[in-house]
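The file my_file_31.pdb comes next; it holds PDB, C-alpha atoms and all ligand atoms.
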```
ATOM      1  CA  MET A   1      -4.414   9.461 -19.475  1.00  0.00           C
ATOM      2  CA  LYS A   2      -2.720   6.047 -19.376  1.00  0.00           C
ATOM      3  CA  LYS A   3      -4.602   3.007 -18.061  1.00  0.00           C
ATOM      4  CA  ILE A   4      -4.618   2.468 -14.312  1.00  0.00           C
ATOM      5  CA  ILE A   5      -5.175  -0.805 -12.469  1.00  0.00           C
ATOM      6  CA  THR A   6      -5.839  -0.384  -8.758  1.00  0.00           C
ATOM      7  CA  VAL A   7      -5.032  -3.069  -6.181  1.00  0.00           C
ATOM      8  CA  ASP A   8      -6.438  -2.567  -2.689  1.00  0.00           C
ATOM      9  CA  GLY A   9      -6.427  -4.851   0.316  1.00  0.00           C
ATOM     10  CA  PRO A  10      -5.422  -5.207   3.959  1.00  0.00           C
ATOM     11  CA  ALA A  11      -1.916  -5.369   5.455  1.00  0.00           C
ATOM     12  CA  GLY A  12       0.059  -8.417   4.420  1.00  0.00           C
ATOM     13  CA  SER A  13      -2.389  -9.522   1.724  1.00  0.00           C
ATOM     14  CA  GLY A  14       0.418  -9.853  -0.829  1.00  0.00           C
ATOM     15  CA  LYS A  15      -0.381  -6.766  -2.879  1.00  0.00           C
ATOM     16  CA  GLU A  16       3.276  -6.111  -3.600  1.00  0.00           C
ATOM     17  CA  LYS A  17       3.994  -9.514  -5.141  1.00  0.00           C
ATOM     18  CA  ILE A  18       0.766  -9.347  -7.127  1.00  0.00           C
ATOM     19  CA  CYS A  19       1.536  -5.844  -8.399  1.00  0.00           C
ATOM     20  CA  LYS A  20       5.084  -6.802  -9.368  1.00  0.00           C
ATOM     21  CA  TYR A  21       3.637  -9.646 -11.410  1.00  0.00           C
ATOM     22  CA  ILE A  22       1.001  -7.429 -13.062  1.00  0.00           C
ATOM     23  CA  ALA A  23       3.584  -4.716 -13.801  1.00  0.00           C
ATOM     24  CA  ARG A  24       5.997  -7.154 -15.443  1.00  0.00           C
ATOM     25  CA  LYS A  25       3.359  -9.049 -17.380  1.00  0.00           C
ATOM     26  CA  TYR A  26       1.479  -6.043 -18.772  1.00  0.00           C
ATOM     27  CA  LYS A  27       4.391  -3.558 -18.927  1.00  0.00           C
ATOM     28  CA  LEU A  28       2.972  -1.184 -16.341  1.00  0.00           C
ATOM     29  CA  TYR A  29       4.689   1.086 -13.828  1.00  0.00           C
ATOM     30  CA  HIS A  30       4.155  -0.142 -10.266  1.00  0.00           C
ATOM     31  CA  LEU A  31       3.389   2.555  -7.719  1.00  0.00           C
ATOM     32  CA  ASP A  32       3.148   1.335  -4.122  1.00  0.00           C
ATOM     33  CA  SER A  33       1.272   4.044  -2.227  1.00  0.00           C
ATOM     34  CA  GLY A  34       2.227   2.425   1.094  1.00  0.00           C
ATOM     35  CA  VAL A  35       5.832   3.406   0.365  1.00  0.00           C
ATOM     36  CA  LEU A  36       4.778   7.052   0.327  1.00  0.00           C
ATOM     37  CA  TYR A  37       3.073   6.714   3.743  1.00  0.00           C
ATOM     38  CA  ARG A  38       6.074   4.815   5.063  1.00  0.00           C
ATOM     39  CA  ARG A  39       8.547   7.376   3.639  1.00  0.00           C
ATOM     40  CA  LEU A  40       6.718  10.245   5.324  1.00  0.00           C
ATOM     41  CA  ALA A  41       6.540   8.187   8.546  1.00  0.00           C
ATOM     42  CA  TYR A  42      10.287   7.621   8.303  1.00  0.00           C
ATOM     43  CA  GLU A  43      11.028  11.329   7.777  1.00  0.00           C
ATOM     44  CA  LEU A  44       8.916  12.244  10.826  1.00  0.00           C
ATOM     45  CA  THR A  45      10.525   9.530  12.979  1.00  0.00           C
ATOM     46  CA  LYS A  46      13.986  10.759  11.965  1.00  0.00           C
ATOM     47  CA  LYS A  47      13.012  14.260  13.135  1.00  0.00           C
ATOM     48  CA  ASN A  48      11.512  12.876  16.369  1.00  0.00           C
ATOM     49  CA  ILE A  49       8.097  14.273  15.458  1.00  0.00           C
ATOM     50  CA  LYS A  50       5.187  12.487  17.127  1.00  0.00           C
ATOM     51  CA  THR A  51       2.030  11.548  15.206  1.00  0.00           C
ATOM     52  CA  SER A  52       0.057  13.865  17.533  1.00  0.00           C
ATOM     53  CA  GLU A  53       2.153  16.920  16.533  1.00  0.00           C
ATOM     54  CA  GLU A  54      -0.004  17.868  13.576  1.00  0.00           C
ATOM     55  CA  ASN A  55       1.432  21.361  13.047  1.00  0.00           C
ATOM     56  CA  LYS A  56       4.948  19.999  12.871  1.00  0.00           C
ATOM     57  CA  ILE A  57       3.800  17.336  10.380  1.00  0.00           C
ATOM     58  CA  LYS A  58       2.160  20.057   8.270  1.00  0.00           C
ATOM     59  CA  ASN A  59       5.434  22.016   8.253  1.00  0.00           C
ATOM     60  CA  VAL A  60       7.400  18.976   7.110  1.00  0.00           C
ATOM     61  CA  ILE A  61       4.874  18.314   4.329  1.00  0.00           C
ATOM     62  CA  LYS A  62       5.022  21.936   3.135  1.00  0.00           C
ATOM     63  CA  LYS A  63       8.738  21.555   2.444  1.00  0.00           C
ATOM     64  CA  ILE A  64       8.398  18.351   0.395  1.00  0.00           C
ATOM     65  CA  LYS A  65       8.059  18.748  -3.375  1.00  0.00           C
ATOM     66  CA  LYS A  66       8.398  15.089  -4.321  1.00  0.00           C
ATOM     67  CA  LEU A  67       8.556  12.166  -1.916  1.00  0.00           C
ATOM     68  CA  SER A  68      11.153   9.564  -2.748  1.00  0.00           C
ATOM     69  CA  LEU A  69       9.715   6.298  -4.082  1.00  0.00           C
ATOM     70  CA  ARG A  70      12.841   4.337  -3.209  1.00  0.00           C
ATOM     71  CA  LYS A  71      11.965   1.182  -1.286  1.00  0.00           C
ATOM     72  CA  THR A  72      14.802   1.288   1.193  1.00  0.00           C
ATOM     73  CA  HIS A  73      15.226  -1.452   3.792  1.00  0.00           C
ATOM     74  CA  ASN A  74      14.410   0.798   6.770  1.00  0.00           C
ATOM     75  CA  LEU A  75      10.899   1.534   5.445  1.00  0.00           C
ATOM     76  CA  ARG A  76       9.839  -2.099   5.990  1.00  0.00           C
ATOM     77  CA  LYS A  77      10.424  -1.966   9.764  1.00  0.00           C
ATOM     78  CA  GLU A  78       7.308  -2.752  11.843  1.00  0.00           C
ATOM     79  CA  GLN A  79       7.703   0.514  13.774  1.00  0.00           C
ATOM     80  CA  ILE A  80       7.623   2.563  10.551  1.00  0.00           C
ATOM     81  CA  GLY A  81       4.507   0.634   9.452  1.00  0.00           C
ATOM     82  CA  LYS A  82       2.842   1.576  12.727  1.00  0.00           C
ATOM     83  CA  VAL A  83       3.665   5.269  12.381  1.00  0.00           C
ATOM     84  CA  ALA A  84       2.513   5.121   8.741  1.00  0.00           C
ATOM     85  CA  SER A  85      -0.889   3.775   9.747  1.00  0.00           C
ATOM     86  CA  GLU A  86      -1.180   6.450  12.484  1.00  0.00           C
ATOM     87  CA  ILE A  87      -0.500   9.352  10.119  1.00  0.00           C
ATOM     88  CA  ALA A  88      -2.736   7.726   7.485  1.00  0.00           C
ATOM     89  CA  LYS A  89      -5.682   8.781   9.679  1.00  0.00           C
ATOM     90  CA  LEU A  90      -4.961  12.450   9.073  1.00  0.00           C
ATOM     91  CA  ASP A  91      -6.918  14.131   6.320  1.00  0.00           C
ATOM     92  CA  PHE A  92      -4.135  16.520   5.294  1.00  0.00           C
ATOM     93  CA  VAL A  93      -1.625  13.653   5.123  1.00  0.00           C
ATOM     94  CA  ARG A  94      -3.948  11.655   2.824  1.00  0.00           C
ATOM     95  CA  ASN A  95      -4.481  14.688   0.601  1.00  0.00           C
ATOM     96  CA  PHE A  96      -0.742  15.181   0.354  1.00  0.00           C
ATOM     97  CA  ILE A  97      -0.025  11.515  -0.449  1.00  0.00           C
ATOM     98  CA  ASN A  98      -2.871  11.439  -3.001  1.00  0.00           C
ATOM     99  CA  SER A  99      -1.433  14.466  -4.793  1.00  0.00           C
ATOM    100  CA  GLN A 100       1.986  12.770  -4.800  1.00  0.00           C
ATOM    101  CA  GLN A 101       0.392   9.746  -6.501  1.00  0.00           C
ATOM    102  CA  ARG A 102      -1.255  11.909  -9.160  1.00  0.00           C
ATOM    103  CA  LEU A 103       2.095  13.595  -9.726  1.00  0.00           C
ATOM    104  CA  VAL A 104       3.651  10.201 -10.454  1.00  0.00           C
ATOM    105  CA  THR A 105       0.921   9.273 -12.943  1.00  0.00           C
ATOM    106  CA  LYS A 106       1.425  12.596 -14.743  1.00  0.00           C
ATOM    107  CA  THR A 107       5.186  12.187 -15.013  1.00  0.00           C
ATOM    108  CA  PRO A 108       6.030  10.646 -18.402  1.00  0.00           C
ATOM    109  CA  ASN A 109       7.610   7.183 -18.503  1.00  0.00           C
ATOM    110  CA  ASN A 110       8.001   4.437 -21.092  1.00  0.00           C
ATOM    111  CA  LYS A 111       5.328   2.124 -19.605  1.00  0.00           C
ATOM    112  CA  LYS A 112       1.838   1.394 -20.904  1.00  0.00           C
ATOM    113  CA  GLY A 113       0.128   2.494 -17.706  1.00  0.00           C
ATOM    114  CA  PHE A 114       0.164   2.065 -13.951  1.00  0.00           C
ATOM    115  CA  VAL A 115      -0.665  -0.554 -11.367  1.00  0.00           C
ATOM    116  CA  ILE A 116      -1.153   1.151  -8.012  1.00  0.00           C
ATOM    117  CA  ASP A 117      -1.660  -0.548  -4.669  1.00  0.00           C
ATOM    118  CA  GLY A 118      -2.902   0.670  -1.315  1.00  0.00           C
ATOM    119  CA  ARG A 119      -6.055   0.897   0.756  1.00  0.00           C
ATOM    120  CA  ASP A 120      -8.110   3.560  -1.018  1.00  0.00           C
ATOM    121  CA  ILE A 121      -6.783   3.612  -4.559  1.00  0.00           C
ATOM    122  CA  GLY A 122      -9.900   2.306  -6.297  1.00  0.00           C
ATOM    123  CA  SER A 123     -12.328   3.856  -3.836  1.00  0.00           C
ATOM    124  CA  VAL A 124     -10.896   7.386  -3.539  1.00  0.00           C
ATOM    125  CA  VAL A 125      -7.682   8.224  -5.406  1.00  0.00           C
ATOM    126  CA  PHE A 126      -8.374   6.738  -8.850  1.00  0.00           C
ATOM    127  CA  LYS A 127     -12.122   6.114  -8.835  1.00  0.00           C
ATOM    128  CA  LYS A 128     -12.202   5.973 -12.616  1.00  0.00           C
ATOM    129  CA  ALA A 129      -9.522   3.297 -12.918  1.00  0.00           C
ATOM    130  CA  PHE A 130      -9.634   0.948 -15.875  1.00  0.00           C
ATOM    131  CA  GLN A 131      -9.693  -2.135 -13.621  1.00  0.00           C
ATOM    132  CA  LYS A 132     -10.019  -2.430  -9.847  1.00  0.00           C
ATOM    133  CA  LEU A 133      -8.884  -5.428  -7.813  1.00  0.00           C
ATOM    134  CA  TYR A 134      -9.348  -6.165  -4.106  1.00  0.00           C
ATOM    135  CA  ILE A 135      -7.075  -8.761  -2.501  1.00  0.00           C
ATOM    136  CA  ASP A 136      -8.535 -10.889   0.255  1.00  0.00           C
ATOM    137  CA  VAL A 137      -6.661 -13.290   2.564  1.00  0.00           C
ATOM    138  CA  ASP A 138      -7.528 -14.768   5.962  1.00  0.00           C
ATOM    139  CA  VAL A 139      -5.813 -12.848   8.785  1.00  0.00           C
ATOM    140  CA  ASN A 140      -3.970 -15.936  10.149  1.00  0.00           C
ATOM    141  CA  ILE A 141      -2.410 -16.620   6.771  1.00  0.00           C
ATOM    142  CA  ARG A 142      -1.394 -12.970   6.446  1.00  0.00           C
ATOM    143  CA  ALA A 143       0.249 -13.040   9.883  1.00  0.00           C
ATOM    144  CA  LYS A 144       2.208 -16.215   9.045  1.00  0.00           C
ATOM    145  CA  ARG A 145       3.462 -14.692   5.804  1.00  0.00           C
ATOM    146  CA  ARG A 146       4.393 -11.378   7.447  1.00  0.00           C
ATOM    147  CA  TYR A 147       6.224 -13.236  10.234  1.00  0.00           C
ATOM    148  CA  LYS A 148       8.285 -15.164   7.688  1.00  0.00           C
ATOM    149  CA  GLN A 149       9.040 -11.961   5.758  1.00  0.00           C
ATOM    150  CA  LEU A 150      10.350 -10.216   8.910  1.00  0.00           C
ATOM    151  CA  ILE A 151      12.465 -13.198   9.944  1.00  0.00           C
ATOM    152  CA  ASP A 152      13.880 -13.395   6.406  1.00  0.00           C
ATOM    153  CA  ASN A 153      14.669  -9.662   6.683  1.00  0.00           C
ATOM    154  CA  GLY A 154      16.664 -10.382   9.832  1.00  0.00           C
ATOM    155  CA  GLU A 155      14.178  -8.680  12.173  1.00  0.00           C
ATOM    156  CA  LYS A 156      13.393 -10.472  15.453  1.00  0.00           C
ATOM    157  CA  SER A 157       9.684 -11.095  15.827  1.00  0.00           C
ATOM    158  CA  ILE A 158       7.043 -13.104  17.675  1.00  0.00           C
ATOM    159  CA  TYR A 159       4.222 -14.650  15.657  1.00  0.00           C
ATOM    160  CA  LEU A 160       1.394 -13.866  18.106  1.00  0.00           C
ATOM    161  CA  LYS A 161       2.508 -10.260  18.306  1.00  0.00           C
ATOM    162  CA  ILE A 162       2.496  -9.994  14.507  1.00  0.00           C
ATOM    163  CA  LEU A 163      -1.026 -11.468  14.446  1.00  0.00           C
ATOM    164  CA  GLU A 164      -2.207  -8.912  17.020  1.00  0.00           C
ATOM    165  CA  ASP A 165      -0.509  -6.064  15.132  1.00  0.00           C
ATOM    166  CA  ILE A 166      -2.146  -7.064  11.849  1.00  0.00           C
ATOM    167  CA  LYS A 167      -5.566  -7.290  13.502  1.00  0.00           C
ATOM    168  CA  LEU A 168      -5.043  -3.853  15.000  1.00  0.00           C
ATOM    169  CA  ARG A 169      -3.855  -2.463  11.636  1.00  0.00           C
ATOM    170  CA  ASP A 170      -6.969  -3.952   9.961  1.00  0.00           C
ATOM    171  CA  LYS A 171      -9.196  -2.328  12.544  1.00  0.00           C
ATOM    172  CA  LYS A 172      -7.499   1.042  12.093  1.00  0.00           C
ATOM    173  CA  ASP A 173      -7.618   0.807   8.288  1.00  0.00           C
ATOM    174  CA  LYS A 174     -11.247  -0.310   8.155  1.00  0.00           C
ATOM    175  CA  THR A 175     -12.739   1.959  10.780  1.00  0.00           C
ATOM    176  CA  ARG A 176     -10.961   5.269  10.177  1.00  0.00           C
ATOM    177  CA  LYS A 177     -13.127   8.189   9.166  1.00  0.00           C
ATOM    178  CA  ASN A 178     -11.021   9.241   6.196  1.00  0.00           C
ATOM    179  CA  SER A 179     -10.820   6.809   3.297  1.00  0.00           C
ATOM    180  CA  PRO A 180     -11.328   3.564   5.205  1.00  0.00           C
ATOM    181  CA  LEU A 181     -10.308   0.307   3.562  1.00  0.00           C
ATOM    182  CA  VAL A 182     -13.342  -0.948   1.615  1.00  0.00           C
ATOM    183  CA  VAL A 183     -13.937  -3.093  -1.448  1.00  0.00           C
ATOM    184  CA  PRO A 184     -14.139  -0.335  -4.087  1.00  0.00           C
ATOM    185  CA  ARG A 185     -17.287  -0.121  -6.158  1.00  0.00           C
ATOM    186  CA  GLY A 186     -16.784  -2.252  -9.267  1.00  0.00           C
ATOM    187  CA  ALA A 187     -13.713  -4.060  -7.889  1.00  0.00           C
ATOM    188  CA  LYS A 188     -13.118  -7.760  -8.539  1.00  0.00           C
ATOM    189  CA  ILE A 189     -12.177  -9.738  -5.426  1.00  0.00           C
ATOM    190  CA  ILE A 190      -9.069 -11.911  -5.670  1.00  0.00           C
ATOM    191  CA  ASP A 191      -8.561 -14.702  -3.133  1.00  0.00           C
ATOM    192  CA  ASN A 192      -4.821 -14.818  -2.377  1.00  0.00           C
ATOM    193  CA  SER A 193      -4.959 -17.496   0.364  1.00  0.00           C
ATOM    194  CA  LEU A 194      -3.841 -20.398  -1.788  1.00  0.00           C
ATOM    195  CA  THR A 195      -0.887 -20.721  -4.152  1.00  0.00           C
ATOM    196  CA  PHE A 196       0.424 -17.775  -6.131  1.00  0.00           C
ATOM    197  CA  LYS A 197      -0.268 -19.742  -9.296  1.00  0.00           C
ATOM    198  CA  LYS A 198      -3.971 -19.830  -8.401  1.00  0.00           C
ATOM    199  CA  THR A 199      -3.923 -16.111  -7.664  1.00  0.00           C
ATOM    200  CA  ILE A 200      -2.289 -15.361 -10.999  1.00  0.00           C
ATOM    201  CA  ALA A 201      -4.903 -17.435 -12.814  1.00  0.00           C
ATOM    202  CA  GLN A 202      -7.701 -15.343 -11.263  1.00  0.00           C
ATOM    203  CA  ILE A 203      -5.906 -12.111 -12.184  1.00  0.00           C
ATOM    204  CA  ARG A 204      -5.207 -13.117 -15.769  1.00  0.00           C
ATOM    205  CA  ASN A 205      -8.815 -14.138 -16.261  1.00  0.00           C
ATOM    206  CA  ILE A 206      -9.963 -10.732 -15.124  1.00  0.00           C
ATOM    207  CA  ILE A 207      -7.367  -8.570 -16.849  1.00  0.00           C
ATOM    208  CA  GLU A 208      -7.157 -10.491 -20.096  1.00  0.00           C
ATOM    209  CA  GLY A 209     -10.916 -10.626 -20.303  1.00  0.00           C
ATOM    210  CA  ILE A 210     -10.820  -6.880 -20.848  1.00  0.00           C
ATOM    211  CA  TYR A 211      -7.394  -6.042 -22.242  1.00  0.00           C
TER     212      TYR A 211
HETATM  213  O1  LIG B   1       2.836  -3.503   3.984  1.00  0.00           O
HETATM  214  P1  LIG B   1       1.511  -3.148   4.585  1.00  0.00           P
HETATM  215  O2  LIG B   1       0.365  -3.698   3.809  1.00  0.00           O
HETATM  216  O3  LIG B   1       1.449  -3.386   6.039  1.00  0.00           O
HETATM  217  O4  LIG B   1       1.372  -1.596   4.549  1.00  0.00           O
HETATM  218  P2  LIG B   1       1.776  -0.562   3.416  1.00  0.00           P
HETATM  219  O5  LIG B   1       0.990  -0.804   2.189  1.00  0.00           O
HETATM  220  O6  LIG B   1       3.253  -0.497   3.289  1.00  0.00           O
HETATM  221  O7  LIG B   1       1.241   0.795   4.081  1.00  0.00           O
HETATM  222  C1  LIG B   1       1.627   1.213   5.369  1.00  0.00           C
HETATM  223  C2  LIG B   1       0.427   1.830   6.066  1.00  0.00           C
HETATM  224  O8  LIG B   1       0.018   3.004   5.346  1.00  0.00           O
HETATM  225  C3  LIG B   1      -0.790   0.935   6.104  1.00  0.00           C
HETATM  226  O9  LIG B   1      -0.881   0.203   7.296  1.00  0.00           O
HETATM  227  C4  LIG B   1      -1.975   1.880   5.974  1.00  0.00           C
HETATM  228  O10 LIG B   1      -2.469   2.245   7.245  1.00  0.00           O
HETATM  229  C5  LIG B   1      -1.397   3.105   5.308  1.00  0.00           C
HETATM  230  N1  LIG B   1      -1.853   3.220   3.922  1.00  0.00           N
HETATM  231  C6  LIG B   1      -3.052   3.853   3.679  1.00  0.00           C
HETATM  232  O11 LIG B   1      -3.735   4.258   4.606  1.00  0.00           O
HETATM  233  N2  LIG B   1      -3.492   4.051   2.410  1.00  0.00           N
HETATM  234  C7  LIG B   1      -2.764   3.615   1.356  1.00  0.00           C
HETATM  235  N3  LIG B   1      -3.216   3.855   0.127  1.00  0.00           N
HETATM  236  C8  LIG B   1      -1.559   2.932   1.570  1.00  0.00           C
HETATM  237  C9  LIG B   1      -1.116   2.743   2.861  1.00  0.00           C
END
```

Please lay out the structure from this file as structure tokens.
Amino acid sequence: MKKIITVDGPAGSGKEKICKYIARKYKLYHLDSGVLYRRLAYELTKKNIKTSEENKIKNVIKKIKKLSLRKTHNLRKEQIGKVASEIAKLDFVRNFINSQQRLVTKTPNNKKGFVIDGRDIGSVVFKKAFQKLYIDVDVNIRAKRRYKQLIDNGEKSIYLKILEDIKLRDKKDKTRKNSPLVVPRGAKIIDNSLTFKKTIAQIRNIIEGIY
């Protein structure tokens, strides 16, 4: 089994940028588990299936062999993020997405290992990971960054609404029964509130201390 680095943390904590850096620097394959939740959310939305229609969701899942990992523009929409966090509460959805992640790590590629980000990667999906990181950032900073990202993407948005949405997403992620967002046992906490340079320094210290 190739080495796995897990990166967990709340919405808008900058996991993607951090993972891209780690992947490039250490020649790892970056798997963003949020994309899988968002892709399924997108497929359900396209079919007009509501998050309460569990049997219909199960039928859609049954027909999917491999979820696309393509990060298309439409997956980043706030509405898709909301649906993703709704379906993320469902046990059978989490089991399905977890098996999709394992499938990816078993598919051969030319990388040295994987860096995988999400909410439960170090705590549930890859408990035996080589290194676990947890990204922490104050909620106001996360909201400001998310707001800028949406505006840059050409989506209209209101800062206070983004702040409320992130707080709600945090609450849902941290209080759900199945695989809530926690600091995984053995994870190192990275403070990503300051400059990216400072974040990178913390990460390199941790990873290069053991590589
Ligand atoms: O970009 P953001 O951090 O808002 O979310 P994401 O990583 O793209 O994931 C979308 C949603 O899927 C999150 O709000 C989580 O509720 C859910 N998710 C999860 O429950 N577990 C994961 N491993 C990844 C995402």

Subject >> the PyMOL selection byres (((chain A and resi 84-89) around 10) and not hetatm) resolved against shown file, as a ChimeraX atom specification >> reply: /A:34-42,44,50-52,54,57,75,78-83,90-95,97,169-170,172-173,175-180

**OP:** Evaluate the PyMOL selection byres (((chain A and resi 102-118) around 10) and not hetatm) on the structure here and hand back the selected residues as a PyMOL selection string.
**Re:** chain A and resi 1-11+15-16+18-20+22-23+26-35+37+66+69+97-101+119-122+125-126+129+131-134+181

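If all atoms listed in the file are the atoms counted, then among A:Ile162, A:Ala187, A:Ile203, A:Leu194 the closest residue to ligand LIG 1 (chain B) is A:Ile162.
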
Using 8 Å of padding on each side, determine the axis-aligned box around all atoms of segment 97-113 of chain A present in the file and give its centre and edge lengths in Å to one decimal, as lines of an AutoDock Vina configuration file.
```
center_x = 2.6
center_y = 7.9
center_z = -10.8
size_x = 26.9
size_y = 29.1
size_z = 36.6
```

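One finds atom P1 of ligand LIG 1 (chain B) at 23.0 Å from atom CA of Val60 of chain A.
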
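For the pair atom CA of Lys148 of chain A and atom CA of Arg24 of chain A, the interatomic distance is 24.6 Å.
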